[in-house]
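What follows is a short report on a single structure.
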2 protein chains.
Amino acid sequence: MPMFMDVHSGMKGLTAEQLRAEHAKDTAVEKTEGVHFHKAWADPKSGKVFCLAEGPNMEAVRRVHERAGHPADEIYEVPLSVE
Amino acid sequence: MPMFMDVHSGMKGLTAEQLRAEHAKDTAVEKTEGVHFHKAWADPKSGKVFCLAEGPNMEAVRRVHERAGHPADEIYEVPLSVE
């Protein structure tokens with residue numbers, strides 16, 4: 001299943017609780033799109049949030065975030081990874 | 001230890017082998033800066049690469065990428081995460 005990294009901007013001042021709440025909105029609807037959000041990292045100072053997801057295609061990932069009320073500013077398919 | 005997500009742009013056409021080779025350059029020097037690169041994800045189509053690292057501060061992360069020959073375009077401290 002393809003992997004995606006998406007980026008949200010403008011979330012300055014985001015708290016840990018708010019991040020959990022927003023992430024829960026994604027996981028509440030993701031199954032109907034065949035998507036799974038693995039993890040998200042946030043920088044409350046700059047307002048950037050990075051989400052790692054797998055799903056059938058980019059549009060499905062985009063739709064989950066839209067339906068959750070926080071559309072992503074950028075979405076990239078990331079077929080390569082290394083650790 | 002603080003976590004950081006950095007972003008490289010302009011790496012269009014990057015291959016899995018090249019990603020591994022570039023990542024190895026980071027891990028070869030990271031210890032001298034007290035940094036550890038956990039993982040990297042790449043989109044060869046857009047040329048974006050996302051790296052997740054932990055380290056004492058942003059400057060240390062910046063220096064590892066610079067010494068490895070591939071300076072990051074953006075670096076964010078990501079104190080919040082959720083999964």
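Each chain of the structure tokens is named A, B, ... in the order shown, its residues numbered from 1; ligands are numbered from 1 in display order.
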(request) May I ask you to extract the residues of chain A within 6 Å of chain B, using only C-alpha atoms, and to give them as a VMD selection string? (result) chain A and resid 16 38 to 43 77 to 78 80 to 83
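Close contacts of B:Ala68, defined as residues with an atom at most 12 Å away when counting only C-alpha atoms, with chain neighbours fewer than 2 positions off set aside, comprise B:Ala21, B:Glu22, B:His23, B:Ala24, B:Lys25, B:Asp26, B:Thr27, B:Ala28, B:Val29, B:Glu30, B:Val61, B:Arg62, B:Arg63, B:Val64, B:His65, B:Glu66, B:His70, B:Pro71, B:Ala72.
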Keeping only N, CA and C atoms, write those residues as a CSV table (one decimal), in the first residue's frame.
chain,number,residue,atom,x,y,z
B,21,ALA,N,22.4,5.8,0.3
B,21,ALA,CA,23.8,6.3,0.3
B,21,ALA,C,23.8,7.7,1.0
B,22,GLU,N,22.8,8.6,0.7
B,22,GLU,CA,22.8,9.9,1.4
B,22,GLU,C,22.6,9.7,2.9
B,23,HIS,N,21.7,8.9,3.2
B,23,HIS,CA,21.3,8.6,4.7
B,23,HIS,C,22.6,8.1,5.4
B,24,ALA,N,23.3,7.2,4.7
B,24,ALA,CA,24.6,6.7,5.3
B,24,ALA,C,25.6,7.8,5.6
B,25,LYS,N,25.6,8.8,4.8
B,25,LYS,CA,26.5,9.9,5.0
B,25,LYS,C,26.1,10.6,6.3
B,26,ASP,N,24.8,10.7,6.6
B,26,ASP,CA,24.4,11.3,7.8
B,26,ASP,C,24.8,10.5,9.0
B,27,THR,N,24.5,9.2,8.9
B,27,THR,CA,24.7,8.3,10.1
B,27,THR,C,26.2,8.2,10.3
B,28,ALA,N,27.1,8.4,9.3
B,28,ALA,CA,28.5,8.3,9.4
B,28,ALA,C,29.1,9.5,10.3
B,29,VAL,N,28.4,10.6,10.3
B,29,VAL,CA,28.9,11.8,11.1
B,29,VAL,C,28.0,12.2,12.3
B,30,GLU,N,26.8,11.6,12.4
B,30,GLU,CA,25.9,12.1,13.3
B,30,GLU,C,26.3,12.0,14.8
B,61,VAL,N,21.5,19.2,14.2
B,61,VAL,CA,20.8,18.5,13.1
B,61,VAL,C,21.3,19.2,11.8
B,62,ARG,N,21.2,20.5,11.8
B,62,ARG,CA,21.6,21.2,10.5
B,62,ARG,C,23.1,20.9,10.1
B,63,ARG,N,23.9,20.9,11.1
B,63,ARG,CA,25.4,20.6,10.8
B,63,ARG,C,25.6,19.2,10.3
B,64,VAL,N,24.9,18.2,10.8
B,64,VAL,CA,25.0,16.9,10.3
B,64,VAL,C,24.7,16.8,8.8
B,65,HIS,N,23.6,17.4,8.4
B,65,HIS,CA,23.2,17.4,7.0
B,65,HIS,C,24.2,18.2,6.1
B,66,GLU,N,24.7,19.3,6.7
B,66,GLU,CA,25.7,20.1,6.0
B,66,GLU,C,27.0,19.4,5.8
B,70,HIS,N,24.4,17.5,2.1
B,70,HIS,CA,23.1,17.8,1.6
B,70,HIS,C,22.3,18.6,2.6
B,71,PRO,N,22.6,19.9,2.7
B,71,PRO,CA,21.9,20.7,3.7
B,71,PRO,C,20.4,20.7,3.5
B,72,ALA,N,19.7,20.7,4.6
B,72,ALA,CA,18.2,20.7,4.6
B,72,ALA,C,17.7,22.1,4.2
(request) Determine which residues of stretch 35-77 of chain A receive a DSSP assignment of strand (DSSP E or B), computed from the backbone, and state them as JSON, numbers by chain. (result) {"A": [36, 37, 38, 39, 40, 41, 42, 43, 48, 49, 50, 51, 52, 53, 54, 74, 75, 76, 77]}
Give me a file of those residues, with N, CA and C atoms, as a compact mmCIF listing (two decimals), in the first residue's frame.
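What landed in selection.txt:
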# COMPACT_ATOMS: atom_id res chain seq x y z
N HIS A 36 -4.87 4.52 6.46
CA HIS A 36 -4.49 4.46 7.87
C HIS A 36 -3.41 5.49 8.16
N PHE A 37 -3.70 6.37 9.11
CA PHE A 37 -2.73 7.37 9.54
C PHE A 37 -1.84 6.73 10.61
N HIS A 38 -0.55 6.63 10.29
CA HIS A 38 0.38 5.97 11.20
C HIS A 38 0.82 6.88 12.34
N LYS A 39 1.17 8.11 11.97
CA LYS A 39 1.77 8.97 12.98
C LYS A 39 1.72 10.42 12.51
N ALA A 40 1.78 11.34 13.46
CA ALA A 40 1.86 12.77 13.12
C ALA A 40 2.83 13.44 14.07
N TRP A 41 3.55 14.42 13.55
CA TRP A 41 4.52 15.20 14.34
C TRP A 41 4.17 16.67 14.17
N ALA A 42 4.24 17.43 15.24
CA ALA A 42 3.84 18.83 15.15
C ALA A 42 4.86 19.77 15.79
N ASP A 43 4.98 20.93 15.17
CA ASP A 43 5.80 22.03 15.67
C ASP A 43 4.89 23.21 15.95
N LYS A 48 3.63 23.93 11.78
CA LYS A 48 3.70 22.82 10.81
C LYS A 48 3.30 21.51 11.47
N VAL A 49 2.53 20.70 10.75
CA VAL A 49 2.21 19.35 11.19
C VAL A 49 2.49 18.40 10.03
N PHE A 50 3.18 17.30 10.31
CA PHE A 50 3.53 16.28 9.31
C PHE A 50 2.78 15.00 9.67
N CYS A 51 2.06 14.43 8.70
CA CYS A 51 1.33 13.19 8.94
C CYS A 51 1.80 12.10 7.98
N LEU A 52 2.05 10.93 8.52
CA LEU A 52 2.45 9.77 7.72
C LEU A 52 1.26 8.82 7.63
N ALA A 53 0.88 8.49 6.40
CA ALA A 53 -0.30 7.64 6.21
C ALA A 53 -0.04 6.62 5.12
N GLU A 54 -0.81 5.53 5.16
CA GLU A 54 -0.83 4.65 3.99
C GLU A 54 -2.25 4.60 3.49
N GLU A 74 -0.19 20.26 1.72
CA GLU A 74 0.65 19.54 0.75
C GLU A 74 0.52 18.05 1.05
N ILE A 75 0.51 17.23 0.00
CA ILE A 75 0.55 15.77 0.18
C ILE A 75 1.54 15.20 -0.82
N TYR A 76 2.42 14.33 -0.34
CA TYR A 76 3.42 13.70 -1.19
C TYR A 76 3.34 12.20 -1.04
N GLU A 77 3.39 11.49 -2.15
CA GLU A 77 3.56 10.04 -2.05
C GLU A 77 5.05 9.79 -1.77
(message) For the helix (DSSP H, G or I) assignment from backbone DSSP, which residues of chain B qualify? Please present them as JSON, numbers by chain.
(response) {"B": [16, 17, 18, 19, 20, 21, 22, 23, 24, 25, 26, 27, 28, 29, 30, 31, 32, 33, 58, 59, 60, 61, 62, 63, 64, 65, 66, 67]}
(request) For atom CA of A:Ala60 and atom CA of A:Glu33, quote the distance in Å rounded to one decimal. (result)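 We find that atom CA of A:Ala60 and atom CA of A:Glu33 lie 5.7 Å from each other.
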